[in-house]
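K.L.:
Sending over data.txt (compact mmCIF, C-alpha atoms and all ligand atoms).
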```txt
# COMPACT_ATOMS: atom_id res chain seq x y z
CA MET A 10 32.65 -21.70 5.08
CA LYS A 11 32.60 -18.24 3.51
CA ALA A 12 29.69 -17.17 1.31
CA PHE A 13 29.27 -14.14 -0.92
CA LEU A 14 26.16 -12.21 -1.85
CA ILE A 15 26.74 -10.45 -5.17
CA LEU A 16 24.21 -7.85 -6.30
CA GLU A 17 23.42 -6.89 -9.88
CA ASP A 18 25.08 -3.47 -9.33
CA GLY A 19 28.38 -5.12 -8.34
CA THR A 20 28.02 -4.70 -4.56
CA VAL A 21 29.43 -7.72 -2.71
CA PHE A 22 28.69 -8.74 0.90
CA THR A 23 30.89 -11.40 2.51
CA GLY A 24 29.47 -13.65 5.20
CA THR A 25 29.15 -17.26 6.28
CA SER A 26 27.39 -19.99 4.33
CA ILE A 27 24.21 -21.39 5.88
CA GLY A 28 21.95 -24.12 4.52
CA SER A 29 22.88 -25.58 1.15
CA THR A 30 26.26 -24.65 -0.35
CA LYS A 31 24.99 -24.61 -3.93
CA ASP A 32 25.00 -21.36 -5.97
CA MET A 33 21.76 -19.49 -6.49
CA ILE A 34 20.62 -16.53 -8.59
CA SER A 35 17.38 -14.82 -7.69
CA GLU A 36 15.60 -11.55 -7.07
CA ILE A 37 16.68 -10.19 -3.67
CA VAL A 38 13.84 -8.79 -1.55
CA PHE A 39 13.66 -7.75 2.10
CA ASN A 40 11.12 -8.55 4.80
CA THR A 41 10.86 -6.42 7.95
CA SER A 42 8.89 -8.85 10.16
CA MET A 43 10.34 -9.26 13.65
CA THR A 44 8.89 -12.77 14.08
CA GLY A 45 7.28 -15.36 11.84
CA TYR A 46 10.39 -16.35 9.88
CA LEU A 47 8.99 -19.85 9.30
CA GLU A 48 5.75 -18.51 7.85
CA VAL A 49 7.86 -16.28 5.58
CA LEU A 50 10.03 -19.22 4.47
CA THR A 51 6.99 -21.35 3.67
CA ASP A 52 4.90 -18.62 1.97
CA PRO A 53 4.73 -19.75 -1.70
CA SER A 54 4.68 -16.09 -2.81
CA TYR A 55 8.47 -16.06 -2.20
CA ALA A 56 9.11 -18.64 -4.93
CA GLY A 57 11.62 -17.10 -7.35
CA GLN A 58 13.02 -14.72 -4.75
CA ALA A 59 15.72 -14.73 -2.07
CA VAL A 60 14.64 -13.11 1.19
CA VAL A 61 16.66 -10.78 3.41
CA MET A 62 15.33 -10.65 6.97
CA THR A 63 15.98 -7.14 8.34
CA TYR A 64 15.39 -8.20 11.95
CA PRO A 65 18.92 -9.00 13.19
CA LEU A 66 18.35 -12.29 15.05
CA ILE A 67 16.50 -15.08 13.29
CA GLY A 68 15.64 -18.59 14.47
CA ASN A 69 15.47 -18.00 18.24
CA TYR A 70 12.37 -20.19 18.67
CA GLY A 71 13.55 -22.76 16.11
CA ILE A 72 11.28 -24.64 13.74
CA THR A 73 7.72 -24.85 15.03
CA PRO A 74 4.58 -26.39 13.47
CA ASP A 75 3.76 -23.12 11.69
CA MET A 76 4.37 -24.07 8.06
CA GLU A 77 2.21 -22.05 5.65
CA SER A 78 2.60 -24.66 2.88
CA ARG A 79 4.23 -28.03 2.23
CA LYS A 80 7.81 -26.70 1.95
CA ALA A 81 10.09 -23.65 1.96
CA TRP A 82 10.07 -21.64 -1.28
CA PRO A 83 12.68 -18.87 -1.38
CA ASP A 84 15.69 -19.53 -3.62
CA GLY A 85 17.95 -18.12 -0.90
CA TYR A 86 17.92 -16.82 2.67
CA ILE A 87 19.90 -13.85 3.99
CA VAL A 88 20.27 -13.01 7.69
CA LYS A 89 22.46 -11.05 10.07
CA GLU A 90 22.62 -13.73 12.77
CA LEU A 91 21.07 -17.16 13.20
CA SER A 92 20.29 -18.20 16.75
CA ARG A 93 22.57 -21.07 17.77
CA ILE A 94 20.38 -22.33 20.60
CA PRO A 95 16.67 -22.05 19.77
CA SER A 96 14.37 -22.25 22.74
CA ASN A 97 10.63 -22.78 22.70
CA PHE A 98 8.28 -25.45 24.01
CA ARG A 99 7.09 -26.08 20.43
CA CYS A 100 10.60 -26.14 18.91
CA GLN A 101 11.20 -29.18 16.68
CA GLY A 102 14.61 -28.29 15.26
CA THR A 103 16.92 -25.53 14.13
CA ILE A 104 16.57 -23.27 11.15
CA GLN A 105 20.11 -24.29 10.12
CA ASP A 106 19.00 -27.91 9.71
CA PHE A 107 15.73 -26.87 8.08
CA LEU A 108 17.54 -24.83 5.39
CA LYS A 109 19.84 -27.79 4.67
CA GLU A 110 16.94 -30.22 4.54
CA GLN A 111 15.09 -27.88 2.15
CA ASP A 112 18.27 -27.41 0.05
CA ILE A 113 18.12 -23.62 0.36
CA PRO A 114 21.44 -21.76 0.20
CA GLY A 115 21.88 -18.79 2.48
CA ILE A 116 24.30 -16.32 3.95
CA ALA A 117 24.64 -15.12 7.53
CA GLY A 118 26.85 -12.56 9.23
CA ILE A 119 26.32 -9.70 6.80
CA ASP A 120 25.00 -6.24 7.61
CA THR A 121 21.42 -6.82 6.47
CA ARG A 122 20.43 -3.25 7.28
CA ALA A 123 23.14 -1.86 4.98
CA LEU A 124 21.96 -4.32 2.31
CA THR A 125 18.35 -3.20 2.81
CA LYS A 126 19.39 0.44 2.38
CA VAL A 127 20.96 -0.46 -0.98
CA LEU A 128 17.76 -2.25 -2.08
CA ARG A 129 15.58 0.59 -0.82
CA GLU A 130 17.60 3.29 -2.56
CA LYS A 131 18.36 1.51 -5.83
CA GLY A 132 15.27 -0.72 -5.91
CA THR A 133 14.91 -4.49 -5.88
CA MET A 134 17.83 -6.19 -7.64
CA ASN A 135 18.85 -9.64 -8.70
CA GLY A 136 21.70 -11.27 -6.86
CA MET A 137 23.76 -14.39 -6.40
CA ILE A 138 24.80 -16.34 -3.33
CA THR A 139 27.93 -18.38 -3.89
CA THR A 140 30.57 -20.09 -1.77
CA ASN A 141 33.10 -19.90 -4.60
CA GLU A 142 35.86 -17.52 -3.45
CA ASN A 143 37.10 -17.23 -7.04
CA TYR A 144 33.87 -15.79 -8.36
CA ASN A 145 34.27 -13.68 -11.48
CA LEU A 146 32.19 -10.50 -11.47
CA GLU A 147 32.57 -10.00 -15.22
CA GLU A 148 30.93 -13.36 -15.85
CA ILE A 149 28.33 -13.11 -13.10
CA LEU A 150 26.91 -9.59 -13.52
CA PRO A 151 25.45 -10.14 -17.04
CA LYS A 152 23.81 -13.36 -15.74
CA LEU A 153 22.27 -11.44 -12.86
CA LYS A 154 20.94 -8.74 -15.18
CA ALA A 155 19.41 -11.37 -17.48
CA TYR A 156 17.65 -13.36 -14.74
CA THR A 157 13.83 -13.41 -14.82
CA VAL A 158 11.45 -15.44 -12.69
CA GLY A 159 9.04 -16.78 -15.34
CA ASP A 160 5.97 -18.88 -14.56
CA VAL A 161 6.22 -19.77 -10.89
CA VAL A 162 2.52 -20.21 -10.08
CA SER A 163 2.56 -23.65 -11.77
CA LYS A 164 5.41 -24.72 -9.49
CA VAL A 165 3.72 -23.79 -6.23
CA THR A 166 0.05 -24.71 -6.73
CA CYS A 167 -1.42 -28.01 -5.50
CA ASP A 168 -1.44 -31.01 -7.89
CA GLU A 169 -5.01 -32.04 -7.22
CA LYS A 170 -8.06 -30.49 -5.66
CA TYR A 171 -8.85 -31.31 -2.03
CA THR A 172 -11.54 -30.35 0.47
CA LEU A 173 -11.54 -29.16 4.07
CA GLU A 174 -14.89 -30.34 5.37
CA GLY A 175 -17.33 -27.89 6.94
CA THR A 176 -21.05 -27.53 7.42
CA GLY A 177 -21.29 -23.87 6.39
CA LYS A 178 -20.88 -22.04 3.08
CA LYS A 179 -19.08 -23.83 0.23
CA VAL A 180 -16.00 -21.93 -0.91
CA ALA A 181 -13.90 -22.73 -3.99
CA LEU A 182 -10.34 -21.55 -3.33
CA LEU A 183 -8.15 -21.11 -6.41
CA ASP A 184 -4.64 -22.01 -5.20
CA LEU A 185 -2.22 -19.66 -6.96
CA GLY A 186 0.31 -20.40 -4.20
CA ALA A 187 -2.03 -20.15 -1.24
CA LYS A 188 -0.84 -19.86 2.32
CA ASN A 189 -2.52 -22.48 4.54
CA ASN A 190 -4.11 -19.90 6.74
CA ILE A 191 -6.45 -18.69 3.98
CA ALA A 192 -8.29 -22.04 3.81
CA LYS A 193 -7.98 -22.37 7.58
CA SER A 194 -9.46 -18.92 8.27
CA LEU A 195 -12.52 -19.86 6.19
CA ASN A 196 -12.74 -23.39 7.58
CA GLU A 197 -12.54 -22.09 11.18
CA ARG A 198 -15.56 -19.94 10.36
CA GLY A 199 -17.46 -23.08 9.32
CA CYS A 200 -16.92 -22.99 5.56
CA GLU A 201 -16.34 -26.10 3.49
CA VAL A 202 -13.29 -25.17 1.43
CA THR A 203 -12.35 -26.95 -1.80
CA VAL A 204 -8.88 -25.99 -2.95
CA TYR A 205 -8.34 -26.09 -6.74
CA PRO A 206 -5.05 -26.13 -8.69
CA ALA A 207 -4.25 -22.78 -10.35
CA HIS A 208 -5.01 -23.98 -13.88
CA THR A 209 -8.52 -25.26 -13.15
CA THR A 210 -11.04 -23.92 -15.68
CA ALA A 211 -13.72 -21.46 -14.63
CA GLU A 212 -16.31 -23.96 -15.92
CA GLU A 213 -15.15 -26.63 -13.45
CA ILE A 214 -15.29 -24.20 -10.55
CA ILE A 215 -18.69 -22.79 -11.53
CA SER A 216 -20.18 -26.26 -12.08
CA SER A 217 -19.25 -27.25 -8.51
CA ASN A 218 -21.85 -24.66 -7.45
CA PRO A 219 -19.84 -22.84 -4.77
CA ASP A 220 -21.40 -20.19 -2.53
CA GLY A 221 -18.26 -18.13 -3.01
CA ILE A 222 -14.89 -18.10 -4.74
CA MET A 223 -11.60 -17.11 -3.14
CA LEU A 224 -8.50 -16.22 -5.20
CA SER A 225 -5.29 -16.68 -3.25
CA ASN A 226 -1.91 -15.00 -2.98
CA GLY A 227 0.93 -16.29 -5.16
CA PRO A 228 4.38 -15.64 -6.62
CA GLY A 229 5.69 -13.86 -9.72
CA ASP A 230 4.55 -11.05 -11.98
CA PRO A 231 0.73 -10.98 -12.19
CA ALA A 232 0.89 -9.91 -15.86
CA ASP A 233 2.56 -13.28 -16.67
CA CYS A 234 -0.56 -15.21 -15.56
CA THR A 235 -2.34 -14.74 -18.90
CA SER A 236 -4.29 -18.02 -19.04
CA ILE A 237 -5.45 -17.72 -15.41
CA ILE A 238 -6.61 -14.14 -16.10
CA GLU A 239 -8.85 -15.49 -18.91
CA GLU A 240 -10.52 -17.90 -16.45
CA ILE A 241 -10.95 -15.14 -13.87
CA LYS A 242 -12.77 -13.03 -16.49
CA LYS A 243 -15.37 -15.81 -16.67
CA LEU A 244 -15.63 -15.97 -12.87
CA TYR A 245 -16.17 -12.18 -12.79
CA ASN A 246 -19.07 -12.59 -15.21
CA THR A 247 -21.02 -14.81 -12.79
CA ASP A 248 -22.98 -13.65 -9.75
CA ILE A 249 -20.87 -15.75 -7.37
CA PRO A 250 -19.35 -13.67 -4.53
CA ILE A 251 -15.58 -13.40 -4.87
CA PHE A 252 -12.89 -12.39 -2.36
CA ALA A 253 -9.26 -12.18 -3.48
CA ILE A 254 -5.95 -11.66 -1.72
CA CYS A 255 -2.69 -10.23 -3.11
CA LEU A 256 -1.92 -12.02 -6.43
CA GLY A 257 -5.64 -12.87 -6.65
CA HIS A 258 -6.45 -9.15 -6.20
CA GLN A 259 -3.98 -8.20 -8.94
CA LEU A 260 -5.34 -10.84 -11.34
CA MET A 261 -8.97 -9.75 -10.82
CA ALA A 262 -7.87 -6.17 -11.62
CA LEU A 263 -6.04 -7.32 -14.78
CA ALA A 264 -9.04 -9.46 -15.78
CA THR A 265 -11.26 -6.38 -15.66
CA GLY A 266 -9.04 -4.07 -17.68
CA ALA A 267 -6.77 -2.46 -15.07
CA SER A 268 -2.95 -2.57 -15.07
CA THR A 269 -0.22 -3.38 -12.55
CA HIS A 270 3.35 -2.19 -12.12
CA LYS A 271 6.34 -3.21 -10.05
CA LEU A 272 7.05 -1.19 -6.92
CA LYS A 273 10.60 0.02 -6.36
CA TYR A 274 11.19 -2.40 -3.49
CA GLY A 275 7.77 -3.77 -2.52
CA HIS A 276 6.00 -4.18 0.81
CA ARG A 277 7.07 -7.19 2.87
CA GLY A 278 6.58 -7.23 6.60
CA GLY A 279 4.18 -7.30 9.50
CA ASN A 280 3.40 -3.63 10.11
CA HIS A 281 2.08 -1.97 6.94
CA PRO A 282 -0.72 0.51 7.72
CA VAL A 283 -3.69 0.39 5.35
CA LYS A 284 -6.69 2.69 5.44
CA ASP A 285 -10.22 1.44 4.83
CA LEU A 286 -11.55 4.24 2.62
CA GLN A 287 -15.16 3.53 3.60
CA THR A 288 -14.70 3.97 7.35
CA GLY A 289 -11.44 5.93 7.52
CA ARG A 290 -10.10 3.36 9.95
CA VAL A 291 -6.46 2.28 9.70
CA TYR A 292 -5.44 -1.36 10.15
CA ILE A 293 -1.94 -2.74 10.57
CA SER A 294 -1.47 -5.44 7.95
CA SER A 295 0.81 -8.27 7.00
CA GLN A 296 2.17 -7.79 3.48
CA ASN A 297 4.30 -9.50 0.88
CA HIS A 298 4.12 -8.05 -2.59
CA GLY A 299 6.28 -6.45 -5.25
CA TYR A 300 3.58 -5.46 -7.73
CA VAL A 301 0.62 -3.16 -7.28
CA VAL A 302 -2.59 -2.29 -9.14
CA ASP A 303 -2.50 1.14 -10.82
CA ALA A 304 -5.51 2.68 -9.07
CA GLU A 305 -5.62 5.57 -11.56
CA ASN A 306 -6.24 3.13 -14.42
CA VAL A 307 -9.17 1.40 -12.73
CA ASP A 308 -12.42 2.22 -14.52
CA SER A 309 -14.71 3.62 -11.79
CA ASN A 310 -17.67 1.89 -13.45
CA ILE A 311 -15.92 -1.42 -12.73
CA ALA A 312 -14.25 -0.94 -9.34
CA VAL A 313 -13.38 1.72 -6.78
CA PRO A 314 -10.41 1.84 -4.37
CA ALA A 315 -11.38 0.36 -1.00
CA PHE A 316 -8.03 0.47 0.83
CA VAL A 317 -4.93 2.61 0.45
CA ASN A 318 -1.42 2.19 1.86
CA VAL A 319 -0.85 4.94 4.44
CA ASN A 320 2.93 5.01 3.84
CA ASP A 321 3.09 5.47 0.08
CA GLY A 322 -0.51 5.99 -1.07
CA THR A 323 -0.55 2.91 -3.32
CA ASN A 324 -3.69 0.86 -3.81
CA GLU A 325 -4.40 -1.84 -1.21
CA GLY A 326 -7.85 -3.03 -2.25
CA LEU A 327 -10.78 -2.66 -4.64
CA ALA A 328 -14.56 -2.94 -4.30
CA TYR A 329 -16.24 -3.99 -7.55
CA VAL A 330 -19.24 -1.92 -8.58
CA GLY A 331 -22.57 -3.78 -8.78
CA LYS A 332 -20.85 -7.05 -7.89
CA ASN A 333 -20.31 -9.09 -4.74
CA ILE A 334 -16.56 -8.87 -5.31
CA PHE A 335 -13.88 -7.27 -3.13
CA THR A 336 -10.14 -7.77 -3.24
CA VAL A 337 -7.18 -6.77 -1.07
CA GLN A 338 -3.46 -6.43 -1.65
CA PHE A 339 -2.53 -7.21 1.97
CA HIS A 340 -2.96 -10.45 3.98
CA PRO A 341 -6.04 -10.73 6.23
CA GLU A 342 -4.92 -14.32 6.95
CA ALA A 343 -1.79 -12.83 8.67
CA CYS A 344 0.74 -15.63 9.37
CA PRO A 345 3.03 -13.94 10.03
CA GLY A 346 1.75 -10.65 11.34
CA PRO A 347 -1.26 -8.91 12.79
CA GLN A 348 -4.78 -10.29 12.50
CA ASP A 349 -6.44 -6.85 12.44
CA SER A 350 -8.04 -7.46 9.05
CA GLY A 351 -9.31 -11.00 9.74
CA TYR A 352 -12.81 -9.47 9.80
CA LEU A 353 -12.66 -9.47 5.99
CA PHE A 354 -13.28 -13.24 6.02
CA ASP A 355 -16.48 -12.52 8.00
CA ARG A 356 -17.41 -9.86 5.43
CA PHE A 357 -16.97 -12.46 2.67
CA ILE A 358 -19.16 -14.97 4.57
CA ASN A 359 -21.85 -12.30 4.96
CA MET A 360 -21.61 -11.63 1.23
CA MET A 361 -22.29 -15.33 0.63
CA GLY A 362 -25.46 -15.02 2.73
CA GLY A 363 -24.03 -15.34 6.23
CA VAL A 364 -23.32 -18.36 8.39
CA LYS A 365 -25.55 -21.31 7.47
N1 LIG A 401 1.81 -12.40 -1.88
C1 LIG A 401 1.40 -12.25 -3.13
O1 LIG A 401 0.36 -12.78 -3.56
C2 LIG A 401 2.33 -11.50 -4.05
C3 LIG A 401 1.75 -11.18 -5.41
C4 LIG A 401 2.79 -10.88 -6.46
N2 LIG A 401 3.62 -12.02 -6.69
C5 LIG A 401 3.62 -9.68 -6.03
O2 LIG A 401 4.75 -9.80 -5.68
O3 LIG A 401 3.13 -8.57 -6.05
```
Could you take the file, read its structure, and then write that structure out as structure tokens?
P.N.:
Amino acid sequence: MKAFLILEDGTVFTGTSIGSTKDMISEIVFNTSMTGYLEVLTDPSYAGQAVVMTYPLIGNYGITPDMESRKAWPDGYIVKELSRIPSNFRCQGTIQDFLKEQDIPGIAGIDTRALTKVLREKGTMNGMITTNENYNLEEILPKLKAYTVGDVVSKVTCDEKYTLEGTGKKVALLDLGAKNNIAKSLNERGCEVTVYPAHTTAEEIISSNPDGIMLSNGPGDPADCTSIIEEIKKLYNTDIPIFAICLGHQLMALATGASTHKLKYGHRGGNHPVKDLQTGRVYISSQNHGYVVDAENVDSNIAVPAFVNVNDGTNEGLAYVGKNIFTVQFHPEACPGPQDSGYLFDRFINMMGGVK
């Protein structure tokens, strides 16, 4: 069956329908990872977005036990070619069946590199995937322009708190749409990790007496998370060590008076170079974000830039002055992508007083 990807600027790509055949409208973003498509599909930060994979062949090792959350989150999935015969000793099924099972509409057989060039030159746009050959651009384009994501953190966070047992430091992880490997990276280092729903009050977290607090990644515009920002202000005012990733990093910055803005087309992929400003060393990082903290608006009495993106000079991390708080825009938990910055979990454990 034919499918059409219609962009907000009127560009139309024609391909083949994959997954669900329902219509979808979403923000269209691209990811440049060469592997790790399942981790991308199950990263809750993609809720409210449709993902274009720029690598031309997707699904060649099928569906493996590498889910980063309980389900797939993107509204839509856009690829050049889906592998027809996946092959891997861990393969449990095909991506075609997975997309159907998860009710995610997609399109294959389009020139994803041409599409990426459009998004890179004009900036991220909204778009529609439809199988209706009689689509009417005059009706659709105003709908695409009007589309906004809204509050997606509430949709992706866990319903109830749960604990991964450990004998080491006690970490409270605020689940704003956390990828599994954040809790796992801490748990593997001995920590007992209690995962809390996004709307848990600061009082509840503080009264559980954690050795440290972790703020996770998550979807949407950080500036929309107003009530969570209020709770994070209270967490900032304690002496509890805090480490935050991506959305968590943006929310800590907003909670302490900084601002964020939307990048033209974001950073999503497995090879983004970031420079540690303390050591001068460059790490290759996994990234997935559309917004960024305005480093120039950060009060240097509150925080100082700790990492910078080598490609475009945007902020990639902050170290909070006089506090045991540091935050990063990239993903030390990897999945997918390089594990170069996994040492940051060790830094956090040292900040909490080291391994028990
Ligand atoms: N992975 C994330 O936490 C993304 C944060 C935020 N939703 C952004 O796009 O910038």
K.L.:
Select the residues contacting ligand LIG 401 (chain A) at a distance of at most 10 Å, based on only C-alpha atoms and all ligand atoms, then format the selection as a PyMOL selection string.
P.N.:
chain A and resi 52-58+161-162+185-188+224-232+253-260+269-272+275-277+295-302+337-340
K.L.:
Using all atoms listed in the file, which residue out of A:His281, A:Lys109, A:Lys154, A:Lys242 lies closest to Asn320 in chain A?
P.N.:
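The shortest atom-to-atom distance to Asn320 in chain A comes from A:His281.
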K.L.:
So which residues touch Glu77 in chain A within 10 Å, counting all atoms listed in the file, skipping near sequence neighbours fewer than 4 positions away, as a list in words?
P.N.:
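Non-adjacent residues within range: Leu47, Glu48, Val49, Leu50, Thr51, Asp52, Pro53, Ala81, Ala187, Lys188, Asn189, Asn190, Ile191, Cys344 and Pro345 of chain A.
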K.L.:
Can you work out which one of A:Gly68, A:Tyr144, A:Gly362, A:Ser29 has the shortest atom-to-atom distance to Ile94 in chain A, counting only C-alpha atoms?
P.N.:
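Closest candidate: A:Gly68.
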K.L.:
Compile the contact shell of Glu130 in chain A as a list of chain:residue names: residues with an atom at most 10 Å away, counting only C-alpha atoms, same-chain residues fewer than 3 positions apart removed.
P.N.:
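Using only C-alpha atoms, the neighbours found are A:Thr125, A:Lys126, A:Val127, A:Thr133, A:Lys273, A:Tyr274.
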K.L.:
Mind giving me the straight-line distance from CA of Leu150 in chain A to CA of Ile138 in chain A in Å, one decimal?
P.N.:
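That distance, rounded to one decimal, is 12.4 Å.
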